[in-house]
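Q: This is entry21.pdb (PDB, C-alpha atoms).
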```pdb
ATOM      1  CA  MET A   1       3.159  25.669   5.049  1.00  0.00           C
ATOM      2  CA  PRO A   2       4.039  21.944   5.324  1.00  0.00           C
ATOM      3  CA  GLN A   3       1.301  19.603   6.441  1.00  0.00           C
ATOM      4  CA  LYS A   4       1.611  18.398  10.018  1.00  0.00           C
ATOM      5  CA  LYS A   5       2.149  14.659   9.767  1.00  0.00           C
ATOM      6  CA  GLN A   6       0.538  13.729  13.047  1.00  0.00           C
ATOM      7  CA  LEU A   7      -2.990  12.773  14.045  1.00  0.00           C
ATOM      8  CA  SER A   8      -4.884  14.542  16.792  1.00  0.00           C
ATOM      9  CA  GLU A   9      -5.455  12.655  20.046  1.00  0.00           C
ATOM     10  CA  LYS A  10      -9.059  11.928  19.039  1.00  0.00           C
ATOM     11  CA  GLU A  11      -8.036  10.744  15.557  1.00  0.00           C
ATOM     12  CA  THR A  12      -5.327   8.542  17.101  1.00  0.00           C
ATOM     13  CA  ILE A  13      -7.771   6.838  19.478  1.00  0.00           C
ATOM     14  CA  GLU A  14     -10.360   6.275  16.731  1.00  0.00           C
ATOM     15  CA  PHE A  15      -7.815   5.020  14.211  1.00  0.00           C
ATOM     16  CA  LEU A  16      -6.092   2.667  16.659  1.00  0.00           C
ATOM     17  CA  ASP A  17      -9.521   1.170  17.346  1.00  0.00           C
ATOM     18  CA  ILE A  18     -10.027   0.563  13.601  1.00  0.00           C
ATOM     19  CA  LEU A  19      -6.590  -1.046  13.305  1.00  0.00           C
ATOM     20  CA  GLN A  20      -7.191  -3.239  16.364  1.00  0.00           C
ATOM     21  CA  GLN A  21     -10.542  -4.451  15.044  1.00  0.00           C
ATOM     22  CA  ARG A  22      -8.958  -5.295  11.674  1.00  0.00           C
ATOM     23  CA  PHE A  23      -6.048  -7.012  13.454  1.00  0.00           C
ATOM     24  CA  GLU A  24      -8.432  -9.186  15.483  1.00  0.00           C
ATOM     25  CA  LYS A  25     -10.685  -9.949  12.521  1.00  0.00           C
ATOM     26  CA  ASN A  26      -7.770 -11.133  10.350  1.00  0.00           C
ATOM     27  CA  LYS A  27      -5.613 -13.156  12.756  1.00  0.00           C
ATOM     28  CA  SER A  28      -4.476 -15.488   9.962  1.00  0.00           C
ATOM     29  CA  ARG A  29      -2.389 -12.623   8.517  1.00  0.00           C
ATOM     30  CA  HIS A  30      -0.348 -12.240  11.690  1.00  0.00           C
ATOM     31  CA  GLU A  31      -0.523 -15.266  13.942  1.00  0.00           C
ATOM     32  CA  ASN A  32       1.398 -15.081  17.236  1.00  0.00           C
ATOM     33  CA  LEU A  33       1.575 -11.263  17.296  1.00  0.00           C
ATOM     34  CA  ASN A  34       0.411  -9.255  20.294  1.00  0.00           C
ATOM     35  CA  TRP A  35      -1.770  -6.181  19.714  1.00  0.00           C
ATOM     36  CA  SER A  36      -0.623  -4.343  22.866  1.00  0.00           C
ATOM     37  CA  LYS A  37       3.000  -4.389  21.639  1.00  0.00           C
ATOM     38  CA  ILE A  38       1.916  -3.140  18.226  1.00  0.00           C
ATOM     39  CA  GLU A  39      -0.213  -0.390  19.741  1.00  0.00           C
ATOM     40  CA  ALA A  40       2.702   0.774  21.920  1.00  0.00           C
ATOM     41  CA  LYS A  41       4.962   0.891  18.859  1.00  0.00           C
ATOM     42  CA  LEU A  42       2.365   2.877  16.892  1.00  0.00           C
ATOM     43  CA  ASN A  43       1.875   5.328  19.762  1.00  0.00           C
ATOM     44  CA  SER A  44       5.619   5.953  19.897  1.00  0.00           C
ATOM     45  CA  ASN A  45       5.774   6.633  16.121  1.00  0.00           C
ATOM     46  CA  PRO A  46       3.183   9.357  15.383  1.00  0.00           C
ATOM     47  CA  SER A  47       4.469  10.056  11.855  1.00  0.00           C
ATOM     48  CA  LYS A  48       4.150   6.357  10.955  1.00  0.00           C
ATOM     49  CA  LEU A  49       0.648   6.291  12.415  1.00  0.00           C
ATOM     50  CA  TRP A  50      -0.130   9.317  10.216  1.00  0.00           C
ATOM     51  CA  SER A  51       1.142   7.388   7.165  1.00  0.00           C
ATOM     52  CA  LEU A  52      -1.029   4.394   8.067  1.00  0.00           C
ATOM     53  CA  HIS A  53      -3.958   6.779   8.347  1.00  0.00           C
ATOM     54  CA  GLN A  54      -3.208   8.043   4.829  1.00  0.00           C
ATOM     55  CA  MET A  55      -3.348   4.438   3.659  1.00  0.00           C
ATOM     56  CA  GLU A  56      -6.690   4.056   5.451  1.00  0.00           C
ATOM     57  CA  ILE A  57      -8.421   7.195   4.179  1.00  0.00           C
ATOM     58  CA  SER A  58      -7.462   6.400   0.589  1.00  0.00           C
ATOM     59  CA  GLY A  59      -9.126   2.982   0.859  1.00  0.00           C
ATOM     60  CA  GLY A  60      -6.150   0.714   1.587  1.00  0.00           C
ATOM     61  CA  GLU A  61      -7.312  -0.944   4.817  1.00  0.00           C
ATOM     62  CA  PRO A  62      -3.763  -1.378   6.184  1.00  0.00           C
ATOM     63  CA  ASP A  63      -3.035  -4.423   8.308  1.00  0.00           C
ATOM     64  CA  ILE A  64       0.015  -6.223   9.648  1.00  0.00           C
ATOM     65  CA  VAL A  65       1.213  -9.018   7.404  1.00  0.00           C
ATOM     66  CA  ASP A  66       4.601  -9.767   8.952  1.00  0.00           C
ATOM     67  CA  TYR A  67       7.080  -8.977  11.728  1.00  0.00           C
ATOM     68  CA  ASP A  68      10.823  -8.596  11.189  1.00  0.00           C
ATOM     69  CA  GLU A  69      12.589  -9.854  14.334  1.00  0.00           C
ATOM     70  CA  LYS A  70      15.993  -8.539  13.212  1.00  0.00           C
ATOM     71  CA  THR A  71      14.805  -4.939  12.909  1.00  0.00           C
ATOM     72  CA  ASP A  72      11.913  -5.199  15.412  1.00  0.00           C
ATOM     73  CA  GLU A  73       9.509  -3.829  12.799  1.00  0.00           C
ATOM     74  CA  TYR A  74       5.891  -4.659  12.076  1.00  0.00           C
ATOM     75  CA  ILE A  75       5.139  -4.697   8.361  1.00  0.00           C
ATOM     76  CA  PHE A  76       1.848  -3.229   7.189  1.00  0.00           C
ATOM     77  CA  PHE A  77       0.453  -3.685   3.676  1.00  0.00           C
ATOM     78  CA  ASP A  78      -2.711  -2.315   2.133  1.00  0.00           C
ATOM     79  CA  CYS A  79      -5.108  -5.260   2.545  1.00  0.00           C
ATOM     80  CA  SER A  80      -8.244  -3.952   0.851  1.00  0.00           C
ATOM     81  CA  ALA A  81      -9.829  -6.679  -1.272  1.00  0.00           C
ATOM     82  CA  GLU A  82      -9.414  -4.556  -4.404  1.00  0.00           C
ATOM     83  CA  SER A  83      -6.862  -1.851  -5.179  1.00  0.00           C
ATOM     84  CA  PRO A  84      -7.429   1.237  -2.990  1.00  0.00           C
ATOM     85  CA  LYS A  85     -10.185   3.386  -4.496  1.00  0.00           C
ATOM     86  CA  GLY A  86      -8.602   6.686  -3.495  1.00  0.00           C
ATOM     87  CA  ARG A  87      -5.423   5.904  -5.441  1.00  0.00           C
ATOM     88  CA  ARG A  88      -6.779   4.692  -8.766  1.00  0.00           C
ATOM     89  CA  SER A  89      -6.242   6.261 -12.180  1.00  0.00           C
ATOM     90  CA  PHE A  90      -2.652   7.318 -11.455  1.00  0.00           C
ATOM     91  CA  CYS A  91       0.184   6.789 -13.913  1.00  0.00           C
ATOM     92  CA  TYR A  92       3.450   5.297 -12.635  1.00  0.00           C
ATOM     93  CA  ASP A  93       5.777   8.232 -11.850  1.00  0.00           C
ATOM     94  CA  ARG A  94       6.289  11.992 -12.268  1.00  0.00           C
ATOM     95  CA  GLU A  95       8.310  11.543 -15.462  1.00  0.00           C
ATOM     96  CA  ALA A  96       5.398   9.625 -17.010  1.00  0.00           C
ATOM     97  CA  LEU A  97       2.891  12.213 -15.782  1.00  0.00           C
ATOM     98  CA  ASP A  98       4.934  15.098 -17.181  1.00  0.00           C
ATOM     99  CA  SER A  99       5.313  13.335 -20.541  1.00  0.00           C
ATOM    100  CA  ARG A 100       1.546  13.219 -21.104  1.00  0.00           C
ATOM    101  CA  LYS A 101       0.387  16.057 -23.304  1.00  0.00           C
ATOM    102  CA  GLU A 102      -3.353  15.426 -22.897  1.00  0.00           C
ATOM    103  CA  HIS A 103      -5.713  13.712 -20.470  1.00  0.00           C
ATOM    104  CA  LYS A 104      -3.271  13.782 -17.582  1.00  0.00           C
ATOM    105  CA  PRO A 105      -4.237  11.829 -14.478  1.00  0.00           C
ATOM    106  CA  GLN A 106      -4.469  13.781 -11.232  1.00  0.00           C
ATOM    107  CA  ASN A 107      -1.286  12.232  -9.797  1.00  0.00           C
ATOM    108  CA  ASP A 108       1.307   9.506 -10.159  1.00  0.00           C
ATOM    109  CA  VAL A 109       1.946   6.474  -7.977  1.00  0.00           C
ATOM    110  CA  MET A 110       5.482   7.262  -6.855  1.00  0.00           C
ATOM    111  CA  THR A 111       4.655  10.847  -5.828  1.00  0.00           C
ATOM    112  CA  ALA A 112       1.475   9.790  -4.022  1.00  0.00           C
ATOM    113  CA  ALA A 113       3.346   7.067  -2.103  1.00  0.00           C
ATOM    114  CA  LYS A 114       6.083   9.510  -1.086  1.00  0.00           C
ATOM    115  CA  GLU A 115       3.498  12.076   0.058  1.00  0.00           C
ATOM    116  CA  MET A 116       1.874   9.363   2.191  1.00  0.00           C
ATOM    117  CA  GLY A 117       5.212   8.266   3.665  1.00  0.00           C
ATOM    118  CA  VAL A 118       4.992   4.731   2.257  1.00  0.00           C
ATOM    119  CA  GLU A 119       6.586   2.685  -0.506  1.00  0.00           C
ATOM    120  CA  ILE A 120       4.800   0.714  -3.182  1.00  0.00           C
ATOM    121  CA  LEU A 121       4.994  -3.071  -3.051  1.00  0.00           C
ATOM    122  CA  SER A 122       7.700  -4.931  -4.932  1.00  0.00           C
ATOM    123  CA  GLU A 123       6.786  -8.042  -6.913  1.00  0.00           C
ATOM    124  CA  GLU A 124       8.064 -10.209  -4.051  1.00  0.00           C
ATOM    125  CA  GLN A 125       5.967  -8.279  -1.512  1.00  0.00           C
ATOM    126  CA  TYR A 126       2.909  -8.463  -3.772  1.00  0.00           C
ATOM    127  CA  ARG A 127       3.273 -12.233  -4.044  1.00  0.00           C
ATOM    128  CA  TYR A 128       3.664 -12.436  -0.265  1.00  0.00           C
ATOM    129  CA  LEU A 129       0.451 -10.430   0.178  1.00  0.00           C
ATOM    130  CA  GLN A 130      -1.331 -12.922  -2.059  1.00  0.00           C
ATOM    131  CA  SER A 131      -0.121 -15.738   0.207  1.00  0.00           C
ATOM    132  CA  VAL A 132      -2.100 -14.297   3.155  1.00  0.00           C
ATOM    133  CA  GLY A 133      -5.329 -13.706   1.214  1.00  0.00           C
ATOM    134  CA  LYS A 134      -6.890 -13.146  -2.192  1.00  0.00           C
ATOM    135  CA  PHE A 135      -6.556  -9.583  -3.471  1.00  0.00           C
ATOM    136  CA  ASP A 136      -7.103  -7.731  -6.752  1.00  0.00           C
ATOM    137  CA  LEU A 137      -9.568 -10.217  -8.203  1.00  0.00           C
ATOM    138  CA  LYS A 138     -11.186  -7.422 -10.265  1.00  0.00           C
ATOM    139  CA  THR A 139      -8.534  -4.679 -10.112  1.00  0.00           C
ATOM    140  CA  SER A 140      -4.762  -4.444 -10.458  1.00  0.00           C
ATOM    141  CA  SER A 141      -1.911  -2.733  -8.605  1.00  0.00           C
ATOM    142  CA  TRP A 142       1.259  -1.033  -9.844  1.00  0.00           C
ATOM    143  CA  ILE A 143       4.437  -2.522  -8.331  1.00  0.00           C
ATOM    144  CA  LYS A 144       8.041  -1.316  -8.118  1.00  0.00           C
ATOM    145  CA  THR A 145       9.494  -1.498 -11.574  1.00  0.00           C
ATOM    146  CA  PRO A 146      13.136  -2.397 -12.281  1.00  0.00           C
ATOM    147  CA  LYS A 147      15.198   0.542 -13.523  1.00  0.00           C
ATOM    148  CA  GLU A 148      15.943  -1.184 -16.850  1.00  0.00           C
ATOM    149  CA  ILE A 149      12.242  -1.529 -17.675  1.00  0.00           C
ATOM    150  CA  ARG A 150      11.390   1.982 -16.505  1.00  0.00           C
ATOM    151  CA  GLU A 151      14.188   3.515 -18.611  1.00  0.00           C
ATOM    152  CA  LEU A 152      12.548   1.960 -21.676  1.00  0.00           C
ATOM    153  CA  GLY A 153       9.206   3.593 -20.804  1.00  0.00           C
ATOM    154  CA  GLY A 154       7.510   0.660 -19.130  1.00  0.00           C
ATOM    155  CA  ALA A 155       6.136  -0.122 -15.701  1.00  0.00           C
ATOM    156  CA  LEU A 156       4.860  -3.292 -14.021  1.00  0.00           C
ATOM    157  CA  PHE A 157       1.568  -4.167 -12.359  1.00  0.00           C
ATOM    158  CA  CYS A 158       0.016  -7.291 -10.874  1.00  0.00           C
ATOM    159  CA  ASP A 159      -3.337  -8.880 -10.225  1.00  0.00           C
ATOM    160  CA  ARG A 160      -4.823 -12.217  -9.259  1.00  0.00           C
ATOM    161  CA  ARG A 161      -6.861 -14.158 -11.799  1.00  0.00           C
ATOM    162  CA  TYR A 162      -7.620 -17.887 -12.079  1.00  0.00           C
ATOM    163  CA  ASN A 163      -6.084 -18.366  -8.609  1.00  0.00           C
ATOM    164  CA  THR A 164      -2.724 -17.198  -9.991  1.00  0.00           C
ATOM    165  CA  VAL A 165      -0.721 -13.985  -9.514  1.00  0.00           C
ATOM    166  CA  PHE A 166       0.155 -12.393 -12.846  1.00  0.00           C
ATOM    167  CA  VAL A 167       2.765  -9.718 -13.548  1.00  0.00           C
ATOM    168  CA  TYR A 168       2.150  -7.517 -16.569  1.00  0.00           C
ATOM    169  CA  HIS A 169       3.667  -4.462 -18.210  1.00  0.00           C
ATOM    170  CA  ASN A 170       2.258  -1.214 -19.518  1.00  0.00           C
ATOM    171  CA  GLY A 171       3.563   2.157 -20.584  1.00  0.00           C
ATOM    172  CA  ALA A 172       4.414   4.080 -17.415  1.00  0.00           C
ATOM    173  CA  ASP A 173       2.219   6.938 -18.601  1.00  0.00           C
ATOM    174  CA  SER A 174      -0.906   4.774 -18.771  1.00  0.00           C
ATOM    175  CA  TYR A 175      -3.600   4.846 -16.125  1.00  0.00           C
ATOM    176  CA  TYR A 176      -6.814   2.958 -15.542  1.00  0.00           C
ATOM    177  CA  ALA A 177      -9.872   3.303 -13.335  1.00  0.00           C
ATOM    178  CA  ALA A 178      -9.260  -0.186 -11.927  1.00  0.00           C
ATOM    179  CA  ARG A 179      -5.529   0.197 -11.179  1.00  0.00           C
ATOM    180  CA  ALA A 180      -3.992   1.749  -8.085  1.00  0.00           C
ATOM    181  CA  PHE A 181      -1.040   0.895  -5.889  1.00  0.00           C
ATOM    182  CA  ARG A 182      -0.634  -0.912  -2.608  1.00  0.00           C
ATOM    183  CA  GLY A 183       1.623   0.558   0.030  1.00  0.00           C
ATOM    184  CA  VAL A 184       3.990  -0.985   2.538  1.00  0.00           C
ATOM    185  CA  LEU A 185       5.032   0.630   5.811  1.00  0.00           C
ATOM    186  CA  LYS A 186       7.417  -0.697   8.447  1.00  0.00           C
ATOM    187  CA  VAL A 187       6.826   0.422  12.022  1.00  0.00           C
TER     188      VAL A 187
END
```
With the file now loaded, output its structure as structure tokens.
A:
Amino acid sequence: MPQKKQLSEKETIEFLDILQQRFEKNKSRHENLNWSKIEAKLNSNPSKLWSLHQMEISGGEPDIVDYDEKTDEYIFFDCSAESPKGRRSFCYDREALDSRKEHKPQNDVMTAAKEMGVEILSEEQYRYLQSVGKFDLKTSSWIKTPKEIRELGGALFCDRRYNTVFVYHNGADSYYAARAFRGVLKV
């Protein structure tokens, strides 16, 4: 039976309170935005609120980092200081997971993101995130990998060291206890 992708009324109230507190605590990420408009949009999109909750319970601490006037969408990124704890030790995608003969991780990034109803950050989005704060100072995060690199067996990840954002590569089937992925959701 498919999982119901909607929070209960109690969960909705509690989670909206968490999001509002984070919104107010981190005004520099979203100057000139109005919480009441955001809350109304979240209340009218229960499946998106469910996806944000999935980001939250896996350690992502989602917060608004931008607003797209053209599409009237608020853009949420995982804003936890380090990569989300509940999404670490995943390889890049299902193909990489299936190719491992031994010591398989419990999941892969692309499947986990799809199950949560989010996408993983692109390099451009990751760099934008780093412009609103300092993230992944001790961990790293998988990012969307160009098809040409993935077809050759590789995948990309980023971190922030020495006050600089670095992009690296690894085999897509690799996984590490300090690497997860950061999600993006447009509401």
Q: Kindly resolve the PyMOL selection byres ((chain A and resi 86) around 8) on the present coordinates and return the residues as a PyMOL selection string.
A: chain A and resi 57-59+84-85+87-88
Q: What does the distance between atom CA of A:Arg161 and atom CA of A:Leu52 come to in Å, to one decimal place?
A: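 Distance reported for this atom pair: 27.8 Å.
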Q: Can you tell me which residues surround A:Glu82 at a distance of at most 7 Å, considering all atoms listed in the file, apart from same-chain residues fewer than 2 positions away, and format the answer as a ChimeraX atom specification?
A: /A:80,84,135-139
Q: Of the candidates A:Phe76, A:Tyr176, A:Phe181, A:Trp50, which shows the shortest atom-to-atom distance to A:Phe23, using all atoms listed in the file?
A: A:Phe76
Q: Which residues fall under the PyMOL selection byres ((chain A and resi 115-127) around 6) in this file, as a list in words?
A: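 Evaluating the PyMOL selection byres ((chain A and resi 115-127) around 6) on these coordinates yields Ser51, Gln54, Ala112, Ala113, Lys114, Tyr128, Leu129, Gln130, Ile143, Lys144, Arg182, Gly183, Val184 and Leu185 of chain A.
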Q: Just checking: using all atoms listed in the file, which residue out of A:Glu11, A:Glu56, A:Asp66, A:Asp159 ends up closest to A:Lys27?
A: A:Asp66
Q: Quick one: everything within 9 Å of A:Tyr175, counting all atoms listed in the file, minus sequence neighbours fewer than 5 positions away in the same chain. Send it as a PDB file with C-alpha atoms, in the frame of the given file.
A:
```
ATOM      1  CA  ARG A  88      -6.779   4.692  -8.766  1.00  0.00           C
ATOM      2  CA  SER A  89      -6.242   6.261 -12.180  1.00  0.00           C
ATOM      3  CA  PHE A  90      -2.652   7.318 -11.455  1.00  0.00           C
ATOM      4  CA  CYS A  91       0.184   6.789 -13.913  1.00  0.00           C
ATOM      5  CA  TYR A  92       3.450   5.297 -12.635  1.00  0.00           C
ATOM      6  CA  PRO A 105      -4.237  11.829 -14.478  1.00  0.00           C
ATOM      7  CA  ALA A 180      -3.992   1.749  -8.085  1.00  0.00           C
TER       8      ALA A 180
END
```
Q: Choose the residue, out of A:Arg179, A:His169, A:Lys104, A:Arg29, that has the smallest atom-to-atom separation from A:Val65; count all atoms listed in the file.
A: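 Closest to A:Val65, using all atoms listed in the file: A:Arg29.
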Q: Here's the selection I'm unsure about, the PyMOL selection byres ((chain A and resi 156) around 8); applied to the file above, which residues does it give, as an mmCIF file with C-alpha atoms, keeping the file's coordinate frame?
A:
```cif
data_model
loop_
_atom_site.group_PDB
_atom_site.id
_atom_site.type_symbol
_atom_site.label_atom_id
_atom_site.label_comp_id
_atom_site.auth_asym_id
_atom_site.auth_seq_id
_atom_site.Cartn_x
_atom_site.Cartn_y
_atom_site.Cartn_z
ATOM 1 C CA TRP A 142 1.259 -1.033 -9.844
ATOM 2 C CA ILE A 143 4.437 -2.522 -8.331
ATOM 3 C CA LYS A 144 8.041 -1.316 -8.118
ATOM 4 C CA THR A 145 9.494 -1.498 -11.574
ATOM 5 C CA GLY A 154 7.510 0.660 -19.130
ATOM 6 C CA ALA A 155 6.136 -0.122 -15.701
ATOM 7 C CA PHE A 157 1.568 -4.167 -12.359
ATOM 8 C CA CYS A 158 0.016 -7.291 -10.874
ATOM 9 C CA VAL A 167 2.765 -9.718 -13.548
ATOM 10 C CA TYR A 168 2.150 -7.517 -16.569
ATOM 11 C CA HIS A 169 3.667 -4.462 -18.210
ATOM 12 C CA ASN A 170 2.258 -1.214 -19.518
#
```
Q: By how many Å are atom CA of A:Ala172 and atom CA of A:Ile149 apart?
A: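 So the answer is 9.6 Å.
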